[in-house]
>>> print(open('model_1.txt').read())   # compact mmCIF, N, CA and C atoms and all ligand atoms
# COMPACT_ATOMS: atom_id res chain seq x y z
N MET A 210 -3.55 23.49 22.24
CA MET A 210 -4.33 22.30 22.61
C MET A 210 -3.48 21.03 22.50
N GLU A 211 -3.74 20.13 23.44
CA GLU A 211 -3.00 18.87 23.44
C GLU A 211 -3.83 17.72 22.92
N ALA A 212 -4.97 18.04 22.40
CA ALA A 212 -5.92 17.01 21.96
C ALA A 212 -5.30 15.99 21.01
N ASN A 213 -4.45 16.49 20.15
CA ASN A 213 -3.87 15.58 19.16
C ASN A 213 -3.04 14.46 19.77
N LYS A 214 -2.46 14.73 20.93
CA LYS A 214 -1.60 13.72 21.56
C LYS A 214 -2.42 12.57 22.15
N LYS A 215 -3.68 12.86 22.45
CA LYS A 215 -4.50 11.84 23.09
C LYS A 215 -5.12 10.86 22.09
N ILE A 216 -5.20 11.33 20.88
CA ILE A 216 -5.81 10.45 19.86
C ILE A 216 -4.75 9.49 19.33
N LYS A 217 -5.02 8.22 19.54
CA LYS A 217 -4.08 7.22 19.02
C LYS A 217 -4.46 6.87 17.59
N GLN A 218 -3.60 7.25 16.71
CA GLN A 218 -3.86 6.94 15.31
C GLN A 218 -3.52 5.47 15.06
N PRO A 219 -4.37 4.80 14.33
CA PRO A 219 -4.03 3.42 13.99
C PRO A 219 -2.77 3.43 13.13
N THR A 220 -1.89 2.51 13.38
CA THR A 220 -0.66 2.52 12.62
C THR A 220 -0.91 2.14 11.17
N SER A 221 -0.44 2.99 10.34
CA SER A 221 -0.55 2.70 8.92
C SER A 221 0.85 2.81 8.35
N LYS A 222 1.06 2.11 7.30
CA LYS A 222 2.40 2.10 6.73
C LYS A 222 2.35 2.00 5.22
N PHE A 223 3.52 2.10 4.66
CA PHE A 223 3.65 1.95 3.22
C PHE A 223 4.42 0.68 2.94
N ILE A 224 4.05 0.03 1.87
CA ILE A 224 4.68 -1.23 1.53
C ILE A 224 5.29 -1.11 0.13
N GLU A 225 6.52 -1.57 0.02
CA GLU A 225 7.15 -1.55 -1.30
C GLU A 225 6.76 -2.84 -2.02
N VAL A 226 6.17 -2.67 -3.18
CA VAL A 226 5.66 -3.82 -3.93
C VAL A 226 6.26 -3.84 -5.33
N GLU A 227 6.63 -5.04 -5.75
CA GLU A 227 7.19 -5.18 -7.10
C GLU A 227 6.15 -5.81 -8.01
N CYS A 228 5.99 -5.25 -9.17
CA CYS A 228 5.04 -5.78 -10.15
C CYS A 228 5.53 -7.15 -10.63
N ILE A 229 4.63 -8.13 -10.58
CA ILE A 229 5.00 -9.48 -11.00
C ILE A 229 5.26 -9.51 -12.51
N LYS A 230 4.52 -8.70 -13.21
CA LYS A 230 4.57 -8.71 -14.67
C LYS A 230 5.84 -8.08 -15.23
N CYS A 231 6.17 -6.86 -14.76
CA CYS A 231 7.29 -6.14 -15.36
C CYS A 231 8.42 -5.81 -14.40
N GLY A 232 8.21 -6.04 -13.10
CA GLY A 232 9.29 -5.80 -12.15
C GLY A 232 9.40 -4.38 -11.65
N GLU A 233 8.50 -3.51 -12.10
CA GLU A 233 8.50 -2.12 -11.65
C GLU A 233 8.15 -2.07 -10.16
N LYS A 234 8.91 -1.29 -9.39
CA LYS A 234 8.64 -1.18 -7.95
C LYS A 234 7.75 0.02 -7.66
N SER A 235 6.77 -0.19 -6.79
CA SER A 235 5.86 0.89 -6.41
C SER A 235 5.68 0.89 -4.90
N ILE A 236 5.27 2.04 -4.38
CA ILE A 236 4.98 2.15 -2.97
C ILE A 236 3.46 2.15 -2.80
N VAL A 237 2.98 1.22 -1.99
CA VAL A 237 1.53 1.08 -1.79
C VAL A 237 1.19 1.37 -0.33
N PHE A 238 0.19 2.22 -0.12
CA PHE A 238 -0.30 2.51 1.23
C PHE A 238 -1.09 1.30 1.70
N ASP A 239 -0.81 0.82 2.91
CA ASP A 239 -1.44 -0.44 3.34
C ASP A 239 -2.93 -0.31 3.64
N LYS A 240 -3.44 0.92 3.63
CA LYS A 240 -4.88 1.09 3.81
C LYS A 240 -5.47 1.76 2.57
N ALA A 241 -4.88 1.47 1.46
CA ALA A 241 -5.37 2.05 0.21
C ALA A 241 -6.84 1.68 0.01
N SER A 242 -7.65 2.69 -0.36
CA SER A 242 -9.07 2.43 -0.53
C SER A 242 -9.44 2.29 -2.00
N THR A 243 -8.46 2.41 -2.84
CA THR A 243 -8.71 2.21 -4.26
C THR A 243 -7.69 1.22 -4.80
N LYS A 244 -8.01 0.64 -5.92
CA LYS A 244 -7.10 -0.32 -6.54
C LYS A 244 -5.81 0.39 -6.94
N VAL A 245 -4.69 -0.26 -6.68
CA VAL A 245 -3.40 0.32 -7.05
C VAL A 245 -2.85 -0.47 -8.24
N VAL A 246 -2.51 0.26 -9.28
CA VAL A 246 -1.98 -0.43 -10.45
C VAL A 246 -0.55 0.02 -10.75
N CYS A 247 0.17 -0.83 -11.44
CA CYS A 247 1.54 -0.55 -11.83
C CYS A 247 1.58 0.64 -12.77
N ALA A 248 2.48 1.58 -12.49
CA ALA A 248 2.58 2.80 -13.31
C ALA A 248 3.12 2.48 -14.70
N LYS A 249 3.80 1.37 -14.80
CA LYS A 249 4.45 1.03 -16.07
C LYS A 249 3.57 0.19 -16.99
N CYS A 250 3.00 -0.89 -16.44
CA CYS A 250 2.23 -1.79 -17.31
C CYS A 250 0.75 -1.87 -16.97
N GLY A 251 0.34 -1.27 -15.85
CA GLY A 251 -1.08 -1.26 -15.50
C GLY A 251 -1.59 -2.50 -14.81
N ASP A 252 -0.70 -3.43 -14.51
CA ASP A 252 -1.11 -4.63 -13.79
C ASP A 252 -1.50 -4.25 -12.35
N VAL A 253 -2.43 -4.99 -11.78
CA VAL A 253 -2.90 -4.68 -10.43
C VAL A 253 -1.84 -5.06 -9.39
N LEU A 254 -1.53 -4.11 -8.50
CA LEU A 254 -0.55 -4.36 -7.44
C LEU A 254 -1.22 -4.61 -6.10
N ALA A 255 -2.34 -3.93 -5.87
CA ALA A 255 -3.06 -4.07 -4.60
C ALA A 255 -4.53 -3.71 -4.79
N GLU A 256 -5.37 -4.40 -4.03
CA GLU A 256 -6.80 -4.11 -4.09
C GLU A 256 -7.32 -3.88 -2.68
N PRO A 257 -8.25 -2.93 -2.53
CA PRO A 257 -8.81 -2.66 -1.20
C PRO A 257 -9.63 -3.85 -0.73
N MET A 258 -9.42 -4.22 0.54
CA MET A 258 -10.14 -5.36 1.08
C MET A 258 -10.36 -5.15 2.57
N GLY A 259 -11.58 -4.85 2.93
CA GLY A 259 -11.91 -4.67 4.34
C GLY A 259 -11.11 -3.59 5.04
N GLY A 260 -10.84 -2.49 4.35
CA GLY A 260 -10.11 -1.39 4.95
C GLY A 260 -8.60 -1.49 4.80
N PHE A 261 -8.16 -2.60 4.28
CA PHE A 261 -6.73 -2.77 4.06
C PHE A 261 -6.46 -3.06 2.59
N ALA A 262 -5.23 -2.83 2.21
CA ALA A 262 -4.86 -3.14 0.84
C ALA A 262 -4.36 -4.57 0.78
N PHE A 263 -5.00 -5.36 -0.06
CA PHE A 263 -4.53 -6.73 -0.28
C PHE A 263 -3.48 -6.67 -1.37
N ILE A 264 -2.27 -7.07 -1.01
CA ILE A 264 -1.16 -6.97 -1.96
C ILE A 264 -1.22 -8.11 -2.97
N VAL A 265 -1.38 -7.74 -4.22
CA VAL A 265 -1.46 -8.73 -5.29
C VAL A 265 -0.07 -8.99 -5.88
N GLY A 266 0.71 -7.93 -5.92
CA GLY A 266 2.06 -8.03 -6.48
C GLY A 266 3.01 -8.70 -5.49
N LYS A 267 4.29 -8.60 -5.77
CA LYS A 267 5.29 -9.21 -4.90
C LYS A 267 5.73 -8.19 -3.85
N LYS A 268 5.42 -8.51 -2.59
CA LYS A 268 5.77 -7.62 -1.49
C LYS A 268 7.26 -7.68 -1.22
N ILE A 269 7.90 -6.54 -1.22
CA ILE A 269 9.34 -6.51 -0.98
C ILE A 269 9.62 -6.24 0.49
N LYS A 270 9.09 -5.14 1.00
CA LYS A 270 9.30 -4.82 2.41
C LYS A 270 8.36 -3.74 2.88
N ASP A 271 8.22 -3.65 4.19
CA ASP A 271 7.42 -2.59 4.80
C ASP A 271 8.30 -1.36 4.96
N LEU A 272 7.68 -0.21 4.78
CA LEU A 272 8.39 1.05 4.99
C LEU A 272 7.68 1.78 6.10
N ASP A 273 8.42 2.53 6.88
CA ASP A 273 7.74 3.36 7.89
C ASP A 273 8.50 4.65 8.17
ZN ZN B 301 4.14 -3.63 -14.14
>>> encode(input="model_1.txt", output="structure tokens")
Amino acid sequence: MEANKKIKQPTSKFIEVECIKCGEKSIVFDKASTKVVCAKCGDVLAEPMGGFAFIVGKKIKDLD
């Protein structure tokens, strides 16, 4: 079946985010539906907002 080729997936990406508090770098999915916290200190890095992740930490770059 070729069905999969016809469905255009919305582009989603991963964003590299640095924790403002401790500097730990994490990868955040830009459509994260749950709050993303720093693995090291627990500070909030991103929060879900209208289907997208609102980056709270310091955004370093987009990954794809
Ligand atoms: Zn941290």
>>> residues_near_ligand(input="model_1.txt", ligand="ligand ZN 301 (chain B)", cutoff="6 Å", atoms="only N, CA and C atoms and all ligand atoms", output="list in words")
Cys228, Ile229, Lys230, Cys231, Gly232, Glu233, Cys247, Ala248, Lys249, Cys250, Gly251 and Asp252 of chain A
>>> closest_residue(input="model_1.txt", among="A:Ala255, A:Lys234, A:Thr243, A:Glu227", to="Lys267 (chain A)", atoms="only N, CA and C atoms")
A:Glu227
>>> select_by_dssp(input="model_1.txt", residues="chain A", states="strand (DSSP E or B)", output="list in words")
Phe223, Ile224, Glu225, Val226, Glu227, Lys234, Ser235, Ile236, Val237, Phe238, Val245, Val246, Val253, Leu254, Ala255, Glu256, Pro257, Met258, Phe261, Ala262, Phe263, Ile264, Lys267, Lys268, Ile269, Lys270, Asp271 and Leu272 of chain A
>>> residues_around(input="model_1.txt", residues="Val245 (chain A)", least_positions_apart="3", cutoff="5 Å", atoms="only N, CA and C atoms", output="PyMOL selection string")
chain A and resi 253-256
>>> closest_residue(input="model_1.txt", among="A:Gly266, A:Lys222, A:Pro257, A:Asp273", to="Asp239 (chain A)", atoms="only N, CA and C atoms")
A:Lys222
>>> closest_residue(input="model_1.txt", among="A:Val246, A:Ile236, A:Ile269, A:Met258", to="Phe223 (chain A)", atoms="only C-alpha atoms")
A:Ile236
>>> residues_around(input="model_1.txt", residues="Phe238 (chain A)", least_positions_apart="2", cutoff="8 Å", atoms="all atoms listed in the file", output="number ranges by chain")
A: 221-225, 235-236, 240-242, 261-263
>>> atom_distance(input="model_1.txt", atom1="atom N of Asp271 (chain A)", atom2="atom N of Val226 (chain A)")
7.7 Å
>>> atom_distance(input="model_1.txt", atom1="CA of Lys244 (chain A)", atom2="atom C of Ile264 (chain A)")
10.4 Å
>>> atom_distance(input="model_1.txt", atom1="atom C of Val265 (chain A)", atom2="CA of Thr220 (chain A)")
21.8 Å
>>> axis_aligned_box(input="model_1.txt", around="region 233-239 of chain A", padding_each_side="5 Å", output="AutoDock Vina command-line options")
--center_x 3.0 --center_y -0.5 --center_z -4.2 --size_x 21.8 --size_y 16.0 --size_z 25.7
>>> select_by_dssp(input="model_1.txt", residues="chain A", states="alpha helix (DSSP H)", output="list in words")
Ala212, Asn213, Lys214 and Lys215 of chain A
